[in-house]
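As provided, data39.tsv (TSV, C-alpha atoms) reads as follows.
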```tsv
chain	number	residue	atom	x	y	z
A	1	MET	CA	9.59	52.00	-55.45
A	2	GLY	CA	6.35	50.01	-55.45
A	3	PRO	CA	7.76	46.77	-54.01
A	4	SER	CA	9.57	48.73	-51.29
A	5	MET	CA	6.34	50.47	-50.33
A	6	LEU	CA	4.50	47.15	-50.18
A	7	ILE	CA	7.17	45.56	-47.99
A	8	ALA	CA	7.33	48.58	-45.67
A	9	THR	CA	3.54	48.65	-45.30
A	10	CYS	CA	3.40	44.92	-44.56
A	11	LEU	CA	6.15	45.19	-41.95
A	12	ILE	CA	4.42	48.05	-40.17
A	13	LEU	CA	1.12	46.17	-40.30
A	14	ALA	CA	2.71	42.97	-38.97
A	15	ILE	CA	4.30	44.79	-36.06
A	16	ARG	CA	1.13	46.68	-35.16
A	17	THR	CA	-1.12	43.59	-35.33
A	18	ALA	CA	1.27	40.98	-33.90
A	19	GLU	CA	-0.64	40.72	-30.62
A	20	TRP	CA	-4.08	40.40	-32.22
A	21	PRO	CA	-5.84	37.07	-31.79
A	22	ALA	CA	-5.91	34.93	-34.92
A	23	ARG	CA	-9.37	34.84	-36.46
A	24	LEU	CA	-10.58	34.03	-39.92
A	25	HIS	CA	-14.13	34.38	-41.08
A	26	GLU	CA	-14.75	34.70	-44.81
A	27	THR	CA	-18.09	36.49	-44.59
A	28	ALA	CA	-17.30	39.01	-41.86
A	29	SER	CA	-15.50	42.22	-42.69
A	30	ASN	CA	-12.77	43.38	-40.40
A	31	THR	CA	-12.90	47.16	-40.28
A	32	ASP	CA	-10.17	47.28	-37.63
A	33	LEU	CA	-7.77	45.54	-39.98
A	34	ASP	CA	-8.78	47.79	-42.87
A	35	SER	CA	-8.06	50.90	-40.83
A	36	GLU	CA	-4.72	49.43	-39.69
A	37	ILE	CA	-3.76	48.76	-43.33
A	38	GLU	CA	-4.60	52.35	-44.26
A	39	TYR	CA	-2.61	53.68	-41.31
A	40	ALA	CA	0.40	51.47	-42.11
A	41	HIS	CA	0.34	52.68	-45.72
A	42	ARG	CA	0.17	56.35	-44.69
A	43	LEU	CA	3.01	55.82	-42.23
A	44	ALA	CA	5.17	54.11	-44.87
A	45	ILE	CA	4.52	56.99	-47.30
A	46	ARG	CA	5.58	59.52	-44.66
A	47	VAL	CA	8.76	57.59	-43.90
A	48	PHE	CA	9.70	57.30	-47.59
A	49	SER	CA	8.88	60.97	-48.20
A	50	THR	CA	11.12	62.06	-45.37
A	51	LEU	CA	13.95	59.80	-46.45
A	52	ILE	CA	13.73	60.94	-50.06
A	53	ALA	CA	13.65	64.61	-49.03
A	54	LYS	CA	16.54	64.44	-46.58
A	55	HIS	CA	18.64	61.53	-47.88
A	56	SER	CA	18.08	61.43	-51.63
A	57	VAL	CA	21.42	59.65	-52.14
A	58	MET	CA	19.78	56.47	-50.83
A	59	PHE	CA	17.32	56.50	-53.74
A	60	PRO	CA	19.03	57.07	-57.09
A	61	SER	CA	16.62	58.40	-59.68
A	62	ARG	CA	18.09	56.37	-62.51
A	63	GLN	CA	20.74	53.76	-62.99
A	64	LYS	CA	23.89	54.88	-64.69
A	65	PRO	CA	25.81	52.26	-66.66
A	66	TRP	CA	29.13	51.54	-65.06
A	67	TYR	CA	30.75	50.60	-68.36
A	68	GLN	CA	30.44	52.40	-71.66
A	69	PRO	CA	32.53	50.94	-74.50
A	70	ASP	CA	34.41	53.30	-76.72
A	71	GLY	CA	35.20	52.69	-80.39
A	72	GLU	CA	38.21	50.44	-79.63
A	73	ASP	CA	36.34	47.97	-77.40
A	74	GLU	CA	33.63	46.98	-79.88
A	75	PRO	CA	33.99	43.61	-81.64
A	76	LYS	CA	34.66	43.67	-85.37
```
Rewrite the structure of this file - the entire thing - as structure tokens.
Amino acid sequence: MGPSMLIATCLILAIRTAEWPARLHETASNTDLDSEIEYAHRLAIRVFSTLIAKHSVMFPSRQKPWYQPDGEDEPK
């Protein structure tokens, strides 16, 4: 679920910061952006937690093989 969490966090962050002016300065820290990243991550965790709790069918816990050969299907 790691990649899904990363994508969800980035989407939330992009939406929340879309109107911010573009600025890049390598030596200055941007505490506003850091707090927005933390908030987006917490929000993504809450969304996933709610979905998993109420709609667990969307997130299978393990993959089940769709085909299992029996003794007749194996090559000799």
For stretch 33-44 of chain A, list every protein, DNA or RNA residue within 9 Å, evaluated using all atoms listed in the file, and leave out those in the same chain fewer than 2 positions away; present the list as an mmCIF file with C-alpha atoms, in the frame of the given file.
```
data_model
loop_
_atom_site.group_PDB
_atom_site.id
_atom_site.type_symbol
_atom_site.label_atom_id
_atom_site.label_comp_id
_atom_site.auth_asym_id
_atom_site.auth_seq_id
_atom_site.Cartn_x
_atom_site.Cartn_y
_atom_site.Cartn_z
ATOM 1 C CA MET A 5 6.340 50.470 -50.330
ATOM 2 C CA LEU A 6 4.500 47.150 -50.180
ATOM 3 C CA ALA A 8 7.330 48.580 -45.670
ATOM 4 C CA THR A 9 3.540 48.650 -45.300
ATOM 5 C CA CYS A 10 3.400 44.920 -44.560
ATOM 6 C CA LEU A 11 6.150 45.190 -41.950
ATOM 7 C CA ILE A 12 4.420 48.050 -40.170
ATOM 8 C CA LEU A 13 1.120 46.170 -40.300
ATOM 9 C CA ARG A 16 1.130 46.680 -35.160
ATOM 10 C CA THR A 17 -1.120 43.590 -35.330
ATOM 11 C CA SER A 29 -15.500 42.220 -42.690
ATOM 12 C CA ASN A 30 -12.770 43.380 -40.400
ATOM 13 C CA THR A 31 -12.900 47.160 -40.280
ATOM 14 C CA ARG A 46 5.580 59.520 -44.660
ATOM 15 C CA VAL A 47 8.760 57.590 -43.900
ATOM 16 C CA PHE A 48 9.700 57.300 -47.590
ATOM 17 C CA SER A 49 8.880 60.970 -48.200
#
```
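Atom CA of A:Glu19 sits 25.6 Å away from atom CA of A:Pro3.
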*Quick one: distance from atom CA of A:Asp32 to atom CA of A:Trp20 in Å, one decimal?*
10.7 Å
